[in-house]
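**Student:** Sharing start_24.txt, compact mmCIF, C-alpha atoms:
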# COMPACT_ATOMS: atom_id res chain seq x y z
CA MET W 1116 47.67 25.26 29.57
CA PRO W 1117 46.03 27.64 27.09
CA ALA W 1118 42.29 27.36 26.59
CA ILE W 1119 40.93 25.31 23.70
CA ARG W 1120 38.03 26.19 21.42
CA LYS W 1121 34.90 24.07 21.25
CA THR W 1122 31.26 24.41 20.28
CA ALA W 1123 28.77 24.93 23.10
CA GLU W 1124 27.40 21.41 22.51
CA GLU W 1125 30.87 19.81 22.80
CA ALA W 1126 31.88 21.92 25.78
CA ILE W 1127 28.91 21.11 27.98
CA ARG W 1128 29.63 17.35 27.70
CA LEU W 1129 31.85 17.97 30.72
CA ILE W 1130 28.62 18.28 32.72
CA LYS W 1131 27.43 14.86 33.94
CA PRO W 1132 24.30 13.82 35.85
CA GLY W 1133 24.78 15.03 39.43
CA SER W 1134 27.39 17.67 38.53
CA THR W 1135 27.66 20.96 40.39
CA VAL W 1136 27.58 23.82 37.90
CA MET W 1137 28.39 27.47 38.65
CA VAL W 1138 26.68 29.92 36.31
CA GLY W 1139 27.53 33.63 36.00
CA GLY W 1140 25.14 36.51 35.45
CA PHE W 1141 23.12 39.09 37.36
CA GLY W 1142 19.68 38.87 35.82
CA LEU W 1143 20.35 38.34 32.12
CA SER W 1144 23.37 40.63 32.22
CA GLY W 1145 26.50 38.51 31.83
CA ALA W 1146 24.62 35.20 31.74
CA PRO W 1147 26.10 32.55 29.36
CA LEU W 1148 22.84 32.02 27.47
CA ARG W 1149 24.26 29.87 24.60
CA LEU W 1150 25.83 27.43 27.05
CA ILE W 1151 22.61 27.26 29.09
CA ASP W 1152 20.60 26.51 25.92
CA ALA W 1153 23.06 23.75 24.97
CA LEU W 1154 22.82 22.29 28.47
CA GLU W 1155 19.01 22.35 28.33
CA LYS W 1156 19.13 20.43 25.01
CA ALA W 1157 21.53 17.88 26.51
CA GLY W 1158 18.96 17.23 29.26
CA VAL W 1159 21.51 16.32 31.95
CA ARG W 1160 19.67 15.81 35.25
CA GLU W 1161 20.22 15.92 39.01
CA LEU W 1162 22.26 19.12 38.70
CA THR W 1163 23.26 21.39 41.56
CA VAL W 1164 23.40 24.95 40.23
CA ILE W 1165 25.29 27.76 41.96
CA SER W 1166 23.98 31.05 40.60
CA ASP W 1167 23.02 34.39 42.14
CA ASN W 1168 19.56 34.17 40.59
CA ILE W 1169 17.57 31.93 38.23
CA GLU W 1170 16.00 33.99 35.48
CA ARG W 1171 13.15 32.47 33.48
CA GLN W 1172 14.91 33.05 30.13
CA SER W 1173 18.20 31.50 31.31
CA LEU W 1174 18.72 28.93 34.09
CA GLY W 1175 14.97 28.86 34.69
CA LYS W 1176 14.72 26.69 31.56
CA LEU W 1177 16.64 23.93 33.36
CA VAL W 1178 14.37 24.21 36.41
CA ARG W 1179 11.27 23.93 34.21
CA ALA W 1180 12.79 20.89 32.49
CA GLY W 1181 13.24 19.20 35.89
CA MET W 1182 17.04 19.07 35.50
CA VAL W 1183 17.90 20.88 38.74
CA LYS W 1184 18.06 19.01 42.05
CA LYS W 1185 19.43 21.85 44.14
CA ALA W 1186 20.00 25.59 43.71
CA ILE W 1187 22.45 27.69 45.76
CA GLY W 1188 22.10 31.45 45.37
CA THR W 1189 20.96 34.72 46.88
CA TYR W 1190 17.61 35.71 45.41
CA PHE W 1191 15.24 33.36 43.57
CA THR W 1192 11.96 35.16 44.34
CA THR W 1193 11.84 36.83 40.90
CA ASN W 1194 11.13 33.47 39.22
CA PRO W 1195 7.72 31.99 40.19
CA ASP W 1196 8.78 28.62 38.68
CA VAL W 1197 11.55 28.30 41.27
CA VAL W 1198 9.27 29.37 44.12
CA GLU W 1199 6.66 26.83 43.00
CA ALA W 1200 9.22 24.00 42.55
CA TYR W 1201 10.64 24.74 45.99
CA TYR W 1202 7.27 24.72 47.78
CA ALA W 1203 6.30 21.53 45.86
CA GLY W 1204 9.45 19.88 47.21
CA LYS W 1205 10.88 19.41 43.71
CA ILE W 1206 14.13 21.29 44.34
CA GLU W 1207 16.31 22.01 47.32
CA VAL W 1208 17.29 25.63 47.86
CA GLU W 1209 20.22 27.04 49.84
CA LEU W 1210 20.19 30.81 50.31
CA LEU W 1211 23.13 33.04 51.18
CA PRO W 1212 23.54 36.81 51.47
CA GLN W 1213 24.99 38.04 48.19
CA GLY W 1214 28.30 39.22 49.66
CA THR W 1215 28.75 35.90 51.45
CA PHE W 1216 27.92 34.10 48.19
CA CYS W 1217 30.67 36.06 46.36
CA GLU W 1218 33.20 35.53 49.11
CA ALA W 1219 32.41 31.79 49.29
CA ILE W 1220 33.18 31.47 45.57
CA ARG W 1221 36.30 33.63 45.83
CA ALA W 1222 37.48 31.49 48.77
CA GLY W 1223 36.66 28.31 46.85
CA GLY W 1224 38.90 29.48 44.03
CA SER W 1225 41.65 30.60 46.39
CA GLY W 1226 42.20 27.45 48.45
CA ILE W 1227 40.40 28.81 51.52
CA PRO W 1228 37.88 26.30 52.92
CA ALA W 1229 35.87 28.67 55.13
CA PHE W 1230 35.81 32.24 56.41
CA TYR W 1231 34.14 34.45 59.00
CA THR W 1232 31.85 37.31 57.99
CA PRO W 1233 29.74 39.73 60.05
CA THR W 1234 26.93 39.51 57.49
CA ALA W 1235 23.82 37.61 58.66
CA ALA W 1236 24.96 37.42 62.31
CA GLY W 1237 21.83 37.34 64.48
CA THR W 1238 19.51 36.55 61.53
CA ASP W 1239 17.74 33.44 60.24
CA LEU W 1240 20.42 32.91 57.59
CA ALA W 1241 22.99 32.23 60.32
CA LYS W 1242 20.90 29.52 62.03
CA GLY W 1243 22.93 26.37 62.64
CA LYS W 1244 26.20 28.07 61.69
CA GLU W 1245 29.14 28.59 64.01
CA ILE W 1246 29.39 32.11 65.51
CA ARG W 1247 32.68 33.47 66.78
CA TYR W 1248 33.42 36.84 68.35
CA PHE W 1249 36.37 38.90 67.15
CA ASP W 1250 37.00 42.18 68.99
CA GLY W 1251 33.55 41.96 70.55
CA ARG W 1252 31.61 41.58 67.30
CA PRO W 1253 29.83 38.36 66.18
CA TYR W 1254 30.90 36.69 62.92
CA VAL W 1255 29.37 33.74 61.05
CA LEU W 1256 31.52 30.86 59.79
CA GLU W 1257 30.71 30.23 56.12
CA ARG W 1258 32.05 27.41 53.94
CA ALA W 1259 33.66 28.01 50.55
CA LEU W 1260 31.83 27.01 47.37
CA ARG W 1261 33.31 25.04 44.46
CA GLY W 1262 31.85 23.59 41.28
CA ASP W 1263 32.68 20.79 38.87
CA VAL W 1264 32.11 23.13 35.92
CA SER W 1265 31.71 26.92 35.67
CA LEU W 1266 29.76 28.43 32.78
CA ILE W 1267 30.78 32.04 32.44
CA ARG W 1268 30.33 34.87 29.99
CA ALA W 1269 32.99 37.38 28.95
CA HIS W 1270 33.26 40.00 26.22
CA LYS W 1271 36.56 39.13 24.52
CA ALA W 1272 39.08 36.35 24.90
CA ASP W 1273 42.50 36.09 23.34
CA GLU W 1274 43.67 32.78 21.89
CA LEU W 1275 45.19 31.77 25.23
CA GLY W 1276 41.97 32.36 27.15
CA ASN W 1277 42.72 35.71 28.79
CA LEU W 1278 39.38 37.46 29.35
CA VAL W 1279 38.00 40.98 29.41
CA TYR W 1280 34.42 41.79 30.32
CA TYR W 1281 31.81 44.37 29.35
CA LYS W 1282 30.32 46.87 31.82
CA THR W 1283 28.06 45.34 34.51
CA ALA W 1284 28.02 41.99 32.66
CA ARG W 1285 31.20 41.21 34.61
CA ASN W 1286 29.46 40.52 37.97
CA PHE W 1287 30.06 36.95 39.24
CA ASN W 1288 31.93 35.71 36.14
CA PRO W 1289 35.55 36.41 37.20
CA LEU W 1290 34.91 34.79 40.61
CA MET W 1291 33.33 31.68 39.09
CA ALA W 1292 36.25 31.40 36.67
CA MET W 1293 38.40 30.59 39.71
CA ALA W 1294 36.22 28.10 41.52
CA SER W 1295 35.50 25.04 39.34
CA ASP W 1296 37.56 22.11 38.04
CA TRP W 1297 36.56 23.08 34.48
CA VAL W 1298 35.80 26.56 33.25
CA ILE W 1299 33.92 27.19 30.01
CA ALA W 1300 33.81 30.82 28.85
CA GLU W 1301 31.26 31.99 26.29
CA VAL W 1302 32.67 35.07 24.54
CA ASP W 1303 31.62 37.52 21.81
CA GLU W 1304 34.98 37.38 20.07
CA ILE W 1305 38.37 35.62 20.16
CA VAL W 1306 41.33 37.84 19.25
CA PRO W 1307 45.02 37.01 18.69
CA ALA W 1308 47.29 36.73 21.73
CA GLY W 1309 48.93 40.09 22.34
CA SER W 1310 46.02 42.15 21.11
CA LEU W 1311 44.46 42.65 24.56
CA ASP W 1312 46.17 45.20 26.81
CA PRO W 1313 47.87 43.07 29.52
CA GLU W 1314 46.93 45.74 32.09
CA ALA W 1315 43.26 45.39 31.15
CA ILE W 1316 42.97 41.59 31.40
CA VAL W 1317 40.60 40.72 34.26
CA THR W 1318 40.77 36.91 34.16
CA PRO W 1319 44.22 35.48 33.28
CA HIS W 1320 44.12 32.41 31.02
CA VAL W 1321 45.27 30.09 33.82
CA PHE W 1322 41.64 30.02 34.99
CA VAL W 1323 40.02 29.27 31.62
CA ASP W 1324 39.85 25.82 29.95
CA ILE W 1325 37.43 26.13 27.06
CA LEU W 1326 36.31 29.04 24.88
CA VAL W 1327 32.98 29.01 23.09
CA THR W 1328 32.02 31.60 20.53
CA GLU W 1329 29.35 31.98 17.87
CA MET F 611 1.29 62.60 41.35
CA ASN F 612 -1.23 60.99 43.72
CA ARG F 613 -1.05 61.26 47.51
CA LYS F 614 0.78 57.94 47.98
CA GLU F 615 3.36 58.88 45.38
CA ARG F 616 3.81 62.34 46.95
CA ILE F 617 4.56 60.68 50.30
CA ARG F 618 7.26 58.53 48.69
CA HIS F 619 8.91 61.61 47.19
CA ILE F 620 8.71 63.55 50.47
CA ILE F 621 10.49 60.70 52.27
CA ALA F 622 13.15 60.44 49.54
CA LYS F 623 13.74 64.20 49.55
CA ARG F 624 14.29 64.26 53.32
CA ALA F 625 16.52 61.15 53.21
CA ALA F 626 18.67 62.83 50.53
CA ARG F 627 19.49 65.62 53.02
CA GLU F 628 21.27 63.02 55.17
CA LEU F 629 23.91 62.59 52.46
CA ARG F 630 27.15 64.57 52.62
CA ASP F 631 29.33 66.00 49.91
CA GLY F 632 31.72 63.34 48.63
CA ASP F 633 29.80 60.35 50.04
CA VAL F 634 29.95 57.03 48.22
CA VAL F 635 26.36 55.79 48.45
CA ASN F 636 24.34 52.71 47.58
CA LEU F 637 20.58 53.13 47.09
CA GLY F 638 18.24 50.24 47.84
CA ILE F 639 15.08 49.29 45.96
CA GLY F 640 11.80 51.26 46.32
CA ILE F 641 11.68 54.74 47.88
CA PRO F 642 15.53 54.90 48.09
CA THR F 643 15.83 54.85 44.28
CA LEU F 644 14.04 58.25 44.27
CA VAL F 645 16.78 59.77 46.46
CA SER F 646 19.08 60.45 43.49
CA ASP F 647 16.55 63.03 42.20
CA TYR F 648 16.85 65.08 45.41
CA ILE F 649 20.57 65.47 46.12
CA PRO F 650 20.86 69.02 47.54
CA PRO F 651 22.66 71.67 45.46
CA GLY F 652 26.38 71.81 46.19
CA VAL F 653 26.50 68.16 47.27
CA THR F 654 28.17 65.61 44.99
CA VAL F 655 27.41 61.99 45.76
CA HIS F 656 29.08 59.00 44.09
CA PHE F 657 26.65 56.14 43.50
CA HIS F 658 27.68 52.50 43.81
CA THR F 659 25.65 49.57 42.51
CA GLU F 660 26.18 46.14 44.04
CA ASN F 661 26.40 44.36 40.68
CA GLY F 662 29.76 46.03 40.14
CA MET F 663 30.01 49.72 39.31
CA LEU F 664 30.93 53.12 40.77
CA GLU F 665 29.77 56.45 39.34
CA VAL F 666 26.34 55.25 38.30
CA GLY F 667 24.62 57.85 36.11
CA PRO F 668 20.92 58.56 35.51
CA THR F 669 18.49 56.37 33.59
CA PRO F 670 19.28 56.71 29.87
CA PRO F 671 16.62 57.43 27.23
CA PRO F 672 15.09 54.12 25.99
CA ASP F 673 17.03 54.21 22.70
CA ARG F 674 20.34 54.47 24.60
CA ALA F 675 19.63 51.69 27.14
CA ASP F 676 22.18 48.86 27.20
CA PRO F 677 20.94 45.51 28.61
CA GLN F 678 24.48 44.83 29.87
CA LEU F 679 24.58 48.10 31.87
CA ILE F 680 22.06 47.79 34.69
CA ASN F 681 21.67 48.51 38.40
CA ALA F 682 20.74 46.11 41.19
CA SER F 683 17.04 46.62 40.37
CA ARG F 684 17.95 45.50 36.81
CA GLN F 685 17.03 48.89 35.38
CA PRO F 686 19.19 50.47 32.65
CA ILE F 687 21.68 53.02 33.96
CA SER F 688 24.37 55.24 32.45
CA GLU F 689 28.07 55.81 33.07
CA LEU F 690 29.42 59.09 34.51
CA PRO F 691 32.99 60.33 33.91
CA GLY F 692 35.32 58.42 36.24
CA ALA F 693 33.13 55.30 36.29
CA SER F 694 34.67 51.93 37.05
CA TYR F 695 33.49 48.34 36.73
CA PHE F 696 34.48 45.48 39.02
CA ASP F 697 33.34 41.97 39.89
CA SER F 698 30.68 41.27 42.52
CA GLY F 699 33.30 40.12 45.06
CA LEU F 700 35.06 43.48 44.98
CA SER F 701 31.69 45.23 45.03
CA PHE F 702 30.77 43.52 48.30
CA ALA F 703 34.27 44.11 49.69
CA ILE F 704 33.50 47.82 49.21
CA MET F 705 30.48 47.33 51.48
CA ARG F 706 31.78 44.89 54.07
CA GLY F 707 35.20 46.53 54.19
CA GLY F 708 33.69 49.81 55.35
CA HIS F 709 34.42 51.77 52.16
CA LEU F 710 30.80 52.75 51.54
CA ASP F 711 29.86 55.98 53.34
CA ALA F 712 26.13 55.40 53.38
CA THR F 713 23.26 53.30 52.18
CA VAL F 714 19.65 54.40 51.89
CA ILE F 715 17.44 51.36 52.27
CA GLY F 716 13.75 50.55 52.64
CA ALA F 717 12.20 48.67 55.57
CA LEU F 718 9.34 46.41 56.53
CA GLN F 719 10.03 46.98 60.24
CA VAL F 720 12.56 48.87 62.38
CA SER F 721 13.00 48.28 66.12
CA GLN F 722 13.83 50.84 68.81
CA LYS F 723 17.33 49.32 69.05
CA GLY F 724 17.96 49.90 65.34
CA ASP F 725 17.28 46.36 64.16
CA LEU F 726 16.06 46.20 60.56
CA ALA F 727 13.67 43.72 58.91
CA SER F 728 13.51 44.31 55.18
CA TRP F 729 13.43 41.06 53.25
CA ALA F 730 10.83 38.54 54.34
CA ILE F 731 7.25 38.45 55.60
CA PRO F 732 6.34 35.21 57.40
CA GLY F 733 3.93 33.17 55.26
CA LYS F 734 4.91 34.82 51.99
CA PRO F 735 7.09 33.00 49.47
CA ILE F 736 10.43 34.81 49.60
CA LEU F 737 13.51 32.95 48.43
CA GLY F 738 16.50 35.04 49.36
CA VAL F 739 17.84 38.29 50.75
CA GLY F 740 20.05 39.44 47.84
CA GLY F 741 22.62 42.02 48.94
CA ALA F 742 20.68 43.75 51.75
CA MET F 743 22.38 42.04 54.71
CA ASP F 744 25.91 42.85 53.52
CA LEU F 745 24.89 46.41 52.69
CA VAL F 746 23.42 47.15 56.11
CA VAL F 747 26.22 45.46 58.03
CA GLY F 748 28.96 47.11 55.97
CA ALA F 749 27.89 50.69 55.20
CA LYS F 750 29.24 53.33 57.60
CA ARG F 751 25.80 54.96 57.86
CA VAL F 752 22.49 53.17 57.36
CA ILE F 753 19.67 55.53 56.46
CA VAL F 754 16.27 53.85 56.40
CA ALA F 755 13.69 55.58 54.20
CA THR F 756 10.21 54.16 54.67
CA THR F 757 6.57 55.00 55.17
CA HIS F 758 5.73 55.30 58.87
CA GLN F 759 3.09 52.55 58.70
CA THR F 760 2.18 49.69 56.35
CA LYS F 761 -0.41 50.10 53.59
CA ASP F 762 -3.02 48.71 56.02
CA GLY F 763 -2.06 51.19 58.73
CA GLN F 764 -0.08 48.69 60.82
CA PRO F 765 2.91 50.07 62.73
CA LYS F 766 6.40 49.49 61.32
CA ILE F 767 8.41 51.14 64.10
CA LEU F 768 8.29 48.68 66.97
CA PRO F 769 9.87 47.69 70.30
CA GLU F 770 11.05 44.46 68.57
CA CYS F 771 10.84 43.38 64.91
CA THR F 772 8.50 40.43 64.39
CA TYR F 773 9.67 39.70 60.83
CA PRO F 774 12.99 37.98 59.98
CA LEU F 775 15.87 40.40 60.54
CA THR F 776 18.21 41.82 57.93
CA ALA F 777 20.66 42.95 60.63
CA ARG F 778 20.77 43.84 64.32
CA GLU F 779 21.41 47.36 65.64
CA GLU F 780 22.76 48.74 62.37
CA VAL F 781 20.24 51.53 61.60
CA ASP F 782 21.62 55.05 62.16
CA VAL F 783 18.79 57.23 60.85
CA LEU F 784 15.12 56.53 60.16
CA VAL F 785 13.22 58.88 57.86
CA THR F 786 9.44 58.66 57.42
CA GLU F 787 6.81 61.07 56.11
CA HIS F 788 6.08 62.11 59.71
CA ALA F 789 9.41 62.15 61.50
CA VAL F 790 13.15 61.60 61.63
CA PHE F 791 14.73 59.42 64.35
CA ARG F 792 18.40 58.83 65.11
CA PHE F 793 19.86 55.80 66.87
CA GLU F 794 22.68 56.47 69.30
CA LYS F 795 24.15 53.99 71.80
CA GLY F 796 21.15 51.67 71.59
CA LYS F 797 18.65 54.53 72.03
CA MET F 798 16.12 55.83 69.55
CA ILE F 799 15.79 59.62 69.51
CA LEU F 800 13.13 61.71 67.78
CA VAL F 801 14.94 64.65 66.16
CA GLU F 802 12.37 65.99 63.70
CA ILE F 803 8.57 65.94 63.44
CA GLY F 804 6.17 67.22 60.79
CA ASP F 805 3.99 70.16 61.84
CA HIS F 806 0.92 68.28 60.58
CA LEU F 807 0.80 66.08 63.67
CA THR F 808 1.32 66.39 67.43
CA LEU F 809 3.76 64.43 69.57
CA GLU F 810 0.76 62.48 70.88
CA ASP F 811 -0.39 61.68 67.32
CA LEU F 812 3.11 60.41 66.54
CA LYS F 813 3.28 58.34 69.73
CA SER F 814 -0.07 56.71 68.90
CA ILE F 815 1.27 55.32 65.60
CA THR F 816 4.77 54.52 66.90
CA PRO F 817 4.83 51.63 69.42
CA ALA F 818 8.64 51.85 69.79
CA GLU F 819 10.05 53.64 72.82
CA TYR F 820 11.98 56.77 71.94
CA GLU F 821 13.40 59.87 73.55
CA ILE F 822 12.68 63.36 72.30
CA HIS F 823 15.73 65.42 71.39
CA PRO F 824 15.96 68.67 73.41
CA HIS F 825 16.30 70.57 70.12
CA LEU F 826 13.46 68.80 68.33
CA LYS F 827 12.80 70.38 64.94
CA VAL F 828 9.23 70.96 63.79
CA VAL F 829 9.05 71.16 60.00
CA ASN F 830 6.50 71.46 57.24
CA ARG F 831 7.07 68.67 54.78
CA TRP F 832 3.48 67.93 53.79
CA GLU F 833 2.64 71.22 52.17
CA GLY F 834 -0.04 70.67 49.55
CA LEU F 835 -0.43 67.01 50.39
CA GLU F 836 -3.87 67.13 51.93
Please go through the file and, once you have read it, give me the structure as structure tokens.

**Tutor:**
Amino acid sequence: MPAIRKTAEEAIRLIKPGSTVMVGGFGLSGAPLRLIDALEKAGVRELTVISDNIERQSLGKLVRAGMVKKAIGTYFTTNPDVVEAYYAGKIEVELLPQGTFCEAIRAGGSGIPAFYTPTAAGTDLAKGKEIRYFDGRPYVLERALRGDVSLIRAHKADELGNLVYYKTARNFNPLMAMASDWVIAEVDEIVPAGSLDPEAIVTPHVFVDILVTE
Amino acid sequence: MNRKERIRHIIAKRAARELRDGDVVNLGIGIPTLVSDYIPPGVTVHFHTENGMLEVGPTPPPDRADPQLINASRQPISELPGASYFDSGLSFAIMRGGHLDATVIGALQVSQKGDLASWAIPGKPILGVGGAMDLVVGAKRVIVATTHQTKDGQPKILPECTYPLTAREEVDVLVTEHAVFRFEKGKMILVEIGDHLTLEDLKSITPAEYEIHPHLKVVNRWEGLE
């Protein structure tokens, strides 16, 4: 079904207390800042967020507001608020190597429940995880990740919800578009169907439910 | 440039000589970011950044910086002819799939077996490893560029790492301001030493066990440093 248009405030009503929310962005590049601001205003609590990082000016706002119960990502050290909340026992943190994080989301969107990767074998991040040898090399069994709602950021959408991205703002967004029950894309512009080059579309509209623009 | 800064540049310059014409290379944070300034003449290297780009160009002037075009250190970068963008999943497939010729990466500790510790110090609040584990496991050649000792003069090149590991037995080359070591078949081999110190001096600051290559090179890399 083609994507429908909503305001950020309407769209984030899909997020309920206790929801798992995937959020795109590497630093502030490609982060859906309007959706995050709307979510902060809505004050929904007990959230699990799946995001590479938690920048102060984006998802960090939800952590400061006490809305986040658990964070799954790869590198949260850059935000002292997260470090402090973690050591104070206010949030749970699950850390993955960044490539494993990507692959877990890709698998989650592709109907693959788990996969083996050589990354982290023999390190602390593999503790408690199954190890299996293939051709003499150790691999770690990692589970796929899925969300209830993905908040992503793209450059342009067409009316159907096909997406193109802008430079390194692409990052985790196309992966997260595949891996949640509902996908909300914040875009700079919505253009008529047929005006994006079909060869250039990165995320086909089948993955996108709701479009939010200014 | 002060003495400490000179040392960082000397390490980066030597590490850059490990790169070969045509290599696709990912540079880590710290000293490795300086490597791009020292690519030898006649060598063309193609830089990859883990947040989804090939053919990374130099830092743009401030008025041309684009907040949506950044490297893994979140610094503004530019686009060279032939650049491509891709999602983070594909970017890490480039690493894990063995399509990256080399990475130059920093270190907290390196063991004589080629284990690397680069992301966490026990007792310090560190939440996460980022992309370092995938990078070191996946790149065809892992070139570690680091100071020989810590700021407090503690050894970094050890029989066993005492800090949490990034990966086991993945380091191929270790470049410091004093020496270059290679790792082959589980052995650490000294291949190059600065002429500012003796083999005994080096041994005294290097607790790891290593062999000395029969064609050990003695080089002057510290000219003007002291």

**Student:** To one decimal in Å, tell me the separation between atom CA of His788 of chain F and atom CA of Asn636 of chain F.

**Tutor:**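 Taking atom CA of His788 of chain F and atom CA of Asn636 of chain F, their separation equals 23.9 Å.
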
**Student:** Grab all the atoms of segment 1209-1221 of chain W that the file lists, wrap them in a box along x, y and z, add 4 Å per side, and give me centre plus edge lengths in Å (one decimal) as JSON.

**Tutor:**
{"center_x": 28.2, "center_y": 33.1, "center_z": 48.5, "size_x": 24.1, "size_y": 20.2, "size_z": 13.9}

**Student:** Per residue of chain W within 7 Å of chain F, which atom pair is closest and at what distance in Å (one decimal), using only C-alpha atoms, listed by chain and increasing number, as JSON lines?

**Tutor:**
{"residue": "W:Gly1142", "atom": "CA", "partner": "F:Arg684", "partner_atom": "CA", "distance": 6.9}
{"residue": "W:Ser1144", "atom": "CA", "partner": "F:Gln678", "partner_atom": "CA", "distance": 4.9}
{"residue": "W:Gly1145", "atom": "CA", "partner": "F:Gln678", "partner_atom": "CA", "distance": 6.9}
{"residue": "W:Thr1189", "atom": "CA", "partner": "F:Gly740", "partner_atom": "CA", "distance": 4.9}
{"residue": "W:Tyr1190", "atom": "CA", "partner": "F:Gly738", "partner_atom": "CA", "distance": 4.2}
{"residue": "W:Phe1191", "atom": "CA", "partner": "F:Leu737", "partner_atom": "CA", "distance": 5.2}
{"residue": "W:Thr1192", "atom": "CA", "partner": "F:Leu737", "partner_atom": "CA", "distance": 4.9}
{"residue": "W:Val1198", "atom": "CA", "partner": "F:Pro735", "partner_atom": "CA", "distance": 6.8}
{"residue": "W:Leu1210", "atom": "CA", "partner": "F:Gly738", "partner_atom": "CA", "distance": 5.7}
{"residue": "W:Pro1212", "atom": "CA", "partner": "F:Gly740", "partner_atom": "CA", "distance": 5.7}
{"residue": "W:Gln1213", "atom": "CA", "partner": "F:Gly741", "partner_atom": "CA", "distance": 4.7}
{"residue": "W:Gly1214", "atom": "CA", "partner": "F:Phe702", "partner_atom": "CA", "distance": 5.1}
{"residue": "W:Cys1217", "atom": "CA", "partner": "F:Gly699", "partner_atom": "CA", "distance": 5.0}
{"residue": "W:Glu1218", "atom": "CA", "partner": "F:Gly699", "partner_atom": "CA", "distance": 6.1}
{"residue": "W:Thr1234", "atom": "CA", "partner": "F:Asp744", "partner_atom": "CA", "distance": 5.3}
{"residue": "W:Ala1235", "atom": "CA", "partner": "F:Met743", "partner_atom": "CA", "distance": 6.1}
{"residue": "W:Gly1237", "atom": "CA", "partner": "F:Arg778", "partner_atom": "CA", "distance": 6.6}
{"residue": "W:Thr1238", "atom": "CA", "partner": "F:Leu775", "partner_atom": "CA", "distance": 5.4}
{"residue": "W:Asp1239", "atom": "CA", "partner": "F:Pro774", "partner_atom": "CA", "distance": 6.6}
{"residue": "W:Lys1282", "atom": "CA", "partner": "F:Leu679", "partner_atom": "CA", "distance": 5.9}
{"residue": "W:Thr1283", "atom": "CA", "partner": "F:Leu679", "partner_atom": "CA", "distance": 5.2}
{"residue": "W:Ala1284", "atom": "CA", "partner": "F:Gln678", "partner_atom": "CA", "distance": 5.3}
{"residue": "W:Arg1285", "atom": "CA", "partner": "F:Asp697", "partner_atom": "CA", "distance": 5.7}
{"residue": "W:Asn1286", "atom": "CA", "partner": "F:Asp697", "partner_atom": "CA", "distance": 4.6}
{"residue": "W:Phe1287", "atom": "CA", "partner": "F:Ser698", "partner_atom": "CA", "distance": 5.5}
{"residue": "W:Pro1289", "atom": "CA", "partner": "F:Asp697", "partner_atom": "CA", "distance": 6.6}

**Student:** I want to know what sits within 10 Å of His825 of chain F, based on all atoms listed in the file, with residues of the same chain fewer than 4 positions away left out; could you give that as a list of chain:residue names?

**Tutor:**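 Counting all atoms listed in the file, the residues come to F:Leu800, F:Val801, F:Glu802.
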
**Student:** Between atom CA of Glu794 of chain F and atom CA of Phe1249 of chain W, what distance in Å does the model show, to one decimal?

**Tutor:**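 Atom CA of Phe1249 of chain W lies at a distance of 22.4 Å from atom CA of Glu794 of chain F.
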
**Student:** What is the distance, in Å and to one decimal place, between atom CA of Asp1303 of chain W and atom CA of Glu1329 of chain W?

**Tutor:** 7.2 Å

**Student:** Measuring atom to atom with only C-alpha atoms, identify which of F:Thr808, F:Thr772, F:Thr816, F:Thr713 is nearest to Arg751 of chain F.

**Tutor:**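 Going through F:Thr808, F:Thr772, F:Thr816, F:Thr713 one by one, the smallest distance to Arg751 of chain F is for F:Thr713.
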
**Student:** Name the closest residue to Val635 of chain F among the candidates F:Ala717, F:Val752, F:Met611, F:Ile617; distances are taken between atoms, counting only C-alpha atoms.

**Tutor:**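 Ranking F:Ala717, F:Val752, F:Met611, F:Ile617 by distance to Val635 of chain F, first place goes to F:Val752.
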
**Student:** Excluding Met1116 of chain W and its own-chain neighbours fewer than 4 positions away, which residues fall within 9 Å of it when counting only C-alpha atoms? Please give them as a PyMOL selection string.

**Tutor:** chain W and resi 1275+1320-1321+1323-1324

**Student:** Taking all atoms listed in the file into account, which of W:Leu1256, W:Ile1246, W:Val1264, W:Leu1174 comes nearest Gly1133 of chain W?

**Tutor:**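 Closest to Gly1133 of chain W of all the choices is W:Val1264.
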